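Heads up, the thing below is written out as structure tokens.
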Amino acid sequence: MSDQPLLSARDVSVTFDIRRSGSWPWTPSLKLHAVNSVSFDIAPGECLGVVGESGSGKSTLARAIVGTVPTSAGQILFDGEDLAAMSADQRRRHRRDVQMVFQDPLAALNPRMTVGEIIAEPLVTHEPRTPRAEVKKRVAEIMERVGLLPNLINRYPHEFSGGQCQRIGIARALILRPRLLICDEPVSALDVSVQAQVVNLLMELQRDMGLAMIFIAHDLSVVKHISDRIVVMYLGTIMERAEADVLTTRPEHPYTQALISSVPIPDPALERARPRLVIEGELPSPLNPPSGCVFRTRCPKAQNSCAQAKPETIDLGNGHGVACPFHKAEDVLAAAG
Amino acid sequence: MSMQTDTAPAQMGEIQGRSLWADARTRFFRNKAAVAGLIVLILVSLFAIFGGYFAKFEPDYVDFSLMGAQAYRGVPSIETGHYFGVDIDGRDLYARTVQGTRISLLVGIVGAMVAVIVGTLYGALAGYVGGRTDGIMMRTVDILMSIPFMFVLILMLVIFGRSIFMLFLGIGLISWLSMARIARGQTLSIKNKEFVEAAVAIGVPRMTIILRHIVPNLLGIVIVYATLLVPEMIIFESFISYLGLGIQEPNTSLGALINGGTEQMNNGTLWMLFFPLFFFLITLFAFFFVGDGLRDALDPKDR
């Protein structure tokens with residue numbers, strides 16, 4: 001890892017104004033805190049996994065980094081430059097360096113455009129003077145690279161399977177050779193055998209092209225497979241961060257422990273024998289998050305003091321941080337077992 | 001929509017894809033009523049464009065010898081060359097029907113074109129930009145819609161003189177309003193699709209997103225609505241002409257001819273009403289059938 005992070009998020013918050021339907025124009029809108037003071041760094045060539053259940057703000061965080069959703073507080077520094085302070089020209093350059101792969105492979109492709117046009121769009125947008133033959137050559141190259149036959153260039157998205165559509169999405173994201181690729185649940189809409197193919201393709205491309213990657217998923221086993229480091233989010237807040245194998249083998253935060261114990265083990269005997277920590281209840285509404293620690297309403301270790309203040313992130317060394325002051329309290333996994 | 005999809009294995013050479021447009025075309029041509037409507041429309045257009053070459057008389061040539069004697073000497077006949085008979089002024093009704101059909105089609109198509117171009121772009125822009133811009137743009141449409149346009153158009157024609165340009169202007173002014181609303185509504189649902197977000201993330205300029213990603217996806221519904229708008233415009237023009245404010249002599253339109261025919265209904269010269277009415281009706285019917293066919297073809301989920 002080099003000293004200068006490629007991307008670093010400093011206390012990034014994203015808040016949406018929600019207007020109640022039918023309200024007067026002058027009634028104040030409700031604030032939805034989708035992402036709350038999130039900080040992390042990504043080094044060039046590194047893969048950061050982001051996990052959390054639905055509604056934990058993972059996708060919003062991705063959109064804030066790409067710049068399709070404005071941040072309400074904090075800074076996102078790309079190459080040391082603040083995204084919010086960029087001129088239109090710099091922003092365009094940033095858009096070339098940061099590309100995104102979307103969750104729903106078919107919805108992310110314009111049904112009226114051919115695959116060739118879709119993949120070429122970033123190239124045509126950022127290098128409008130590229131001759132047509134050159135565009136076609138580069139589209140064919142990248143299609144081959146992601147495992148699509150280049151002679152399918154004139155086909156339309158609806159003629160492809162989900163896995164192929166996701167490959168098209170990846171080809172579009174990579175044609176400009178970006179430095180950071182953000183994958184927003186790229187495999188959750190695919191079936192398991194295709195998931196593996198796409199994840200392996202992404203890992204291969206990441207290695208070959210030296211990409212930094214943010215890989216978002218709610219499936220911890222997929223994230224563990226691909227990531228160097230993992231960040232666990234809950235209700236817009238980071239609960240724990242650590243190296244991938246540390247996080248999966250020695251989780252400290254009660255939420256991470258619950259997540260990990262929910263990953264099934266493909267061996268019925270082991271699966272039945274292991275202690276399970278099941279957290280109950282629903283994710284609280286981000287319109288009205290709990291005071292103090294956002295996880296306290298479902299936390300097995302919750303104490304009275306958890307409601308008082310937002311817990312500080314405790315540094316356990318080697319990049320392992322946990323936002324729970326009671327993580328050393330008796331092990332809930334053991335207690336549950 | 002069970003199509004025989006060619007799942008030919010990918011061999012050498014580029015494979016031509018089936019666009020959604022191609023799919024829609026196949027579905028359209030399987031609809032018999034719509035194809036019949038299309039054929040009628042083509043025939044009517046050919047009649048309007050080339051029918052004049054077969055006329056024996058100019059549309060504004062007045063045959064004084066027939067005046068007052070239309071009922072027995074101006075009847076439709078092949079020998080005299082008045083295929084459709086003559087009108088009250090002794091002019092050849094065939095030549096005048098050709099001219100009237102031409103003008104009515106022109107009015108309808110120009111009105112629909114204005115609606116498609118102005119309405120679609122306006123609606124897509126309002127819907128895509130959203131927020132306050134959307135509010136201002138759509139309230140403007142609401143205000144324009146609430147003005148009784150027939151009244152304004154009649155005033156315009158009276159004040160600025162009755163010309164075909166004024167008529168086009170008046171029709172153009174109203175036709176795009178409802179199209180803008182439809183386009184905006186569709187845009188609101190399209191702009192939240194992921195492919196639009198992908199384009200934003202790529203850094204595609206806003207206007208290009210509207211033209212490349214939004215408009216082509218709106219176009220299906222816009223085309224359907226436009227084909228239904230053409231007959232509406234024709235009826236509108238006919239009404240204005242029927243009031244005597246639209247197309248002025250010696251020009252004519254189907255509405256003006258029908259008006260002339262109704263005035264002579266009791267004088268035993270019913271052909272003066274029936275020939276223009278026939279072309280008016282088949283044109284409208286054909287447009288409605290084509291519009292229905294296009295709707296079914298372009299929006300297979302709606303069936």
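If you're wondering about the labels, chains in the structure tokens are A, B, ... by order shown, residues count from 1 in each chain, ligands from 1 in order shown.
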
| field | Exercise answer, chain A residues close to chain B, 6 Å and only C-alpha atoms, as a ChimeraX atom specification | value | /A:95,107-110,122,151-152,154-156

| query | Leaving out segment 26-35 of chain B and any residue of its chain fewer than 4 positions from it, which residues lie within 10 Å of it when counting only C-alpha atoms, given as a PyMOL selection string? | reply | chain B and resi 1+3+20-22+39-41+286-298+300

| message | What's around Ile164 of chain B at 8 Å? Count only C-alpha atoms, leave out sequence neighbours fewer than 4 positions away in its own chain, and write the answer as a ChimeraX atom specification. | response | /B:168,246-248

Keeping only all heavy atoms, write the selected residues as an mmCIF file, in the first residue's frame.
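As written to disk, out_39.cif reads:
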data_model
loop_
_atom_site.group_PDB
_atom_site.id
_atom_site.type_symbol
_atom_site.label_atom_id
_atom_site.label_comp_id
_atom_site.auth_asym_id
_atom_site.auth_seq_id
_atom_site.Cartn_x
_atom_site.Cartn_y
_atom_site.Cartn_z
ATOM 1 N N PHE B 168 -52.172 27.152 -39.026
ATOM 2 C CA PHE B 168 -51.098 26.255 -38.587
ATOM 3 C C PHE B 168 -50.548 26.698 -37.237
ATOM 4 O O PHE B 168 -50.307 25.888 -36.352
ATOM 5 C CB PHE B 168 -49.960 26.228 -39.615
ATOM 6 C CG PHE B 168 -50.230 25.302 -40.761
ATOM 7 C CD1 PHE B 168 -49.632 25.518 -41.996
ATOM 8 C CD2 PHE B 168 -51.075 24.219 -40.613
ATOM 9 C CE1 PHE B 168 -49.873 24.659 -43.059
ATOM 10 C CE2 PHE B 168 -51.317 23.364 -41.672
ATOM 11 C CZ PHE B 168 -50.714 23.588 -42.892
ATOM 12 N N GLY B 246 -61.557 28.924 -41.258
ATOM 13 C CA GLY B 246 -60.309 28.207 -41.539
ATOM 14 C C GLY B 246 -59.776 28.523 -42.924
ATOM 15 O O GLY B 246 -59.459 29.671 -43.243
ATOM 16 N N ILE B 247 -59.682 27.497 -43.718
ATOM 17 C CA ILE B 247 -59.161 27.622 -45.074
ATOM 18 C C ILE B 247 -60.083 28.517 -45.895
ATOM 19 O O ILE B 247 -61.300 28.365 -45.845
ATOM 20 C CB ILE B 247 -59.097 26.226 -45.725
ATOM 21 C CG1 ILE B 247 -58.279 25.282 -44.847
ATOM 22 C CG2 ILE B 247 -58.542 26.298 -47.127
ATOM 23 C CD1 ILE B 247 -56.837 25.615 -44.774
ATOM 24 N N GLN B 248 -59.479 29.448 -46.630
ATOM 25 C CA GLN B 248 -60.291 30.405 -47.383
ATOM 26 C C GLN B 248 -60.305 30.082 -48.867
ATOM 27 O O GLN B 248 -59.341 29.539 -49.414
ATOM 28 C CB GLN B 248 -59.740 31.812 -47.163
ATOM 29 C CG GLN B 248 -59.903 32.288 -45.720
ATOM 30 C CD GLN B 248 -61.341 32.195 -45.255
ATOM 31 O OE1 GLN B 248 -62.257 32.727 -45.904
ATOM 32 N NE2 GLN B 248 -61.580 31.497 -44.142
#

| Can you list, as number ranges by chain, every residue of segment 179-268 of chain A that DSSP puts in helix (DSSP H, G or I)? | A: 192-209, 220-226, 244-249, 254-261, 268

Mind writing the picked residues with N, CA and C atoms as a compact mmCIF listing (two decimals), in the first residue's frame?
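Output file out_36.txt is given in full below:
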# COMPACT_ATOMS: atom_id res chain seq x y z
N VAL A 192 -26.45 -18.37 -8.52
CA VAL A 192 -25.19 -18.60 -7.82
C VAL A 192 -24.04 -18.99 -8.73
N SER A 193 -24.31 -19.85 -9.72
CA SER A 193 -23.20 -20.29 -10.58
C SER A 193 -22.67 -19.11 -11.39
N VAL A 194 -23.57 -18.23 -11.82
CA VAL A 194 -23.15 -17.06 -12.59
C VAL A 194 -22.45 -16.06 -11.68
N GLN A 195 -22.91 -15.98 -10.41
CA GLN A 195 -22.26 -15.11 -9.43
C GLN A 195 -20.77 -15.39 -9.37
N ALA A 196 -20.45 -16.68 -9.26
CA ALA A 196 -19.05 -17.06 -9.13
C ALA A 196 -18.26 -16.61 -10.34
N GLN A 197 -18.84 -16.82 -11.54
CA GLN A 197 -18.13 -16.41 -12.75
C GLN A 197 -17.85 -14.91 -12.74
N VAL A 198 -18.88 -14.12 -12.39
CA VAL A 198 -18.72 -12.67 -12.43
C VAL A 198 -17.73 -12.20 -11.37
N VAL A 199 -17.81 -12.79 -10.17
CA VAL A 199 -16.88 -12.39 -9.12
C VAL A 199 -15.45 -12.73 -9.52
N ASN A 200 -15.25 -13.92 -10.09
CA ASN A 200 -13.90 -14.29 -10.51
C ASN A 200 -13.41 -13.39 -11.63
N LEU A 201 -14.32 -13.02 -12.55
CA LEU A 201 -13.94 -12.09 -13.62
C LEU A 201 -13.50 -10.76 -13.03
N LEU A 202 -14.26 -10.28 -12.04
CA LEU A 202 -13.91 -8.99 -11.43
C LEU A 202 -12.56 -9.07 -10.74
N MET A 203 -12.31 -10.17 -10.04
CA MET A 203 -11.03 -10.31 -9.35
C MET A 203 -9.87 -10.34 -10.33
N GLU A 204 -10.09 -11.06 -11.43
CA GLU A 204 -9.05 -11.17 -12.45
C GLU A 204 -8.75 -9.81 -13.06
N LEU A 205 -9.84 -9.08 -13.41
CA LEU A 205 -9.67 -7.77 -14.01
C LEU A 205 -9.00 -6.81 -13.05
N GLN A 206 -9.39 -6.93 -11.78
CA GLN A 206 -8.81 -6.03 -10.79
C GLN A 206 -7.30 -6.24 -10.69
N ARG A 207 -6.91 -7.52 -10.71
CA ARG A 207 -5.49 -7.84 -10.61
C ARG A 207 -4.75 -7.36 -11.85
N ASP A 208 -5.33 -7.66 -13.04
CA ASP A 208 -4.63 -7.34 -14.28
C ASP A 208 -4.54 -5.85 -14.54
N MET A 209 -5.60 -5.11 -14.21
CA MET A 209 -5.62 -3.70 -14.56
C MET A 209 -5.20 -2.82 -13.39
N LEU A 220 -21.95 -11.76 2.86
CA LEU A 220 -20.60 -11.66 3.43
C LEU A 220 -19.62 -12.64 2.79
N SER A 221 -20.11 -13.82 2.37
CA SER A 221 -19.17 -14.81 1.85
C SER A 221 -18.57 -14.35 0.52
N VAL A 222 -19.39 -13.68 -0.30
CA VAL A 222 -18.87 -13.16 -1.57
C VAL A 222 -17.85 -12.06 -1.31
N VAL A 223 -18.20 -11.16 -0.37
CA VAL A 223 -17.31 -10.04 -0.08
C VAL A 223 -15.97 -10.54 0.46
N LYS A 224 -16.04 -11.53 1.33
CA LYS A 224 -14.82 -12.09 1.92
C LYS A 224 -13.89 -12.63 0.85
N HIS A 225 -14.50 -13.25 -0.15
CA HIS A 225 -13.74 -13.87 -1.23
C HIS A 225 -12.95 -12.83 -2.03
N ILE A 226 -13.53 -11.66 -2.24
CA ILE A 226 -12.94 -10.71 -3.19
C ILE A 226 -12.16 -9.59 -2.51
N ALA A 244 -9.92 -8.48 5.62
CA ALA A 244 -11.01 -9.42 5.35
C ALA A 244 -10.95 -10.66 6.23
N ASP A 245 -9.75 -11.27 6.35
CA ASP A 245 -9.73 -12.53 7.11
C ASP A 245 -9.84 -12.29 8.61
N VAL A 246 -9.36 -11.13 9.06
CA VAL A 246 -9.50 -10.81 10.48
C VAL A 246 -10.97 -10.63 10.80
N LEU A 247 -11.65 -9.87 9.94
CA LEU A 247 -13.05 -9.57 10.21
C LEU A 247 -13.89 -10.83 10.22
N THR A 248 -13.58 -11.75 9.30
CA THR A 248 -14.44 -12.93 9.22
C THR A 248 -14.09 -13.97 10.27
N THR A 249 -12.85 -13.96 10.74
CA THR A 249 -12.52 -14.98 11.73
C THR A 249 -12.61 -14.46 13.16
N PRO A 254 -20.61 -6.71 17.94
CA PRO A 254 -21.74 -7.67 18.03
C PRO A 254 -22.52 -7.80 16.72
N TYR A 255 -22.62 -6.71 15.97
CA TYR A 255 -23.37 -6.78 14.71
C TYR A 255 -22.63 -7.64 13.69
N THR A 256 -21.31 -7.45 13.62
CA THR A 256 -20.51 -8.27 12.70
C THR A 256 -20.60 -9.73 13.10
N GLN A 257 -20.55 -9.97 14.40
CA GLN A 257 -20.64 -11.36 14.88
C GLN A 257 -21.96 -11.99 14.46
N ALA A 258 -23.03 -11.18 14.56
CA ALA A 258 -24.33 -11.70 14.15
C ALA A 258 -24.36 -11.98 12.66
N LEU A 259 -23.78 -11.03 11.88
CA LEU A 259 -23.74 -11.22 10.42
C LEU A 259 -23.00 -12.49 10.07
N ILE A 260 -21.86 -12.69 10.72
CA ILE A 260 -21.03 -13.84 10.36
C ILE A 260 -21.70 -15.14 10.78
N SER A 261 -22.38 -15.09 11.91
CA SER A 261 -23.03 -16.34 12.31
C SER A 261 -24.25 -16.64 11.45
N PRO A 268 -23.98 -29.81 7.13
CA PRO A 268 -25.11 -29.83 8.07
C PRO A 268 -24.67 -30.08 9.50

| task | Using only C-alpha atoms, determine which residues lie at most 9 Å from Ile103 of chain B, disregarding the query and same-chain residues fewer than 3 positions distant; provide the list as a PyMOL selection string. | result | chain B and resi 48+98-100+106-108+247+251-254

| request: Determine, counting only C-alpha atoms, which protein, DNA and RNA residues have an atom within 12 Å of an atom of segment 255-264 of chain B; residues of the same chain fewer than 5 positions away are not included. Present the result as a ChimeraX atom specification. | output: /B:68,70-71,85-89,91-105,107,233-250,269-281

| request: Find the residues around Ala115 of chain B up to 7 Å (only C-alpha atoms counted), leave out those fewer than 4 positions away in its own chain, and share them as a list in words. | output: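 Neighbouring residues, sequence-local ones excluded: Gly111, Gly119, Gly172, Ser175, Trp176 and Met179 of chain B.
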
| request: Might you pull out every residue within 12 Å of Val141 of chain B, with only C-alpha atoms counted and same-chain residues fewer than 6 positions away left off, and present them as a list in words? | output: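 Non-adjacent residues within range: Gly119, Tyr122, Gly123, Ala126, Asp134, Gly135, Ile147, Leu173, Ile174, Ser175, Trp176, Leu177, Ser178, Met179, Ala180, Arg181, Ile182 and Arg184 of chain B.
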
| message | For a test of reading the model, state the distance in Å between atom CA of Pro178 of chain A and atom CA of Ala212 of chain A, rounded to one decimal. | response |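 Taking atom CA of Pro178 of chain A as the start and atom CA of Ala212 of chain A as the end point, the length is 8.9 Å.
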
| said: Could you check the closest approach to Asp82 of chain A for each of A:Ala34, A:Ile216, A:Ile65, A:Ile230 and tell me which residue wins, using only C-alpha atoms? | reply: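 For Asp82 of chain A, the nearest of the candidates is A:Ile65.
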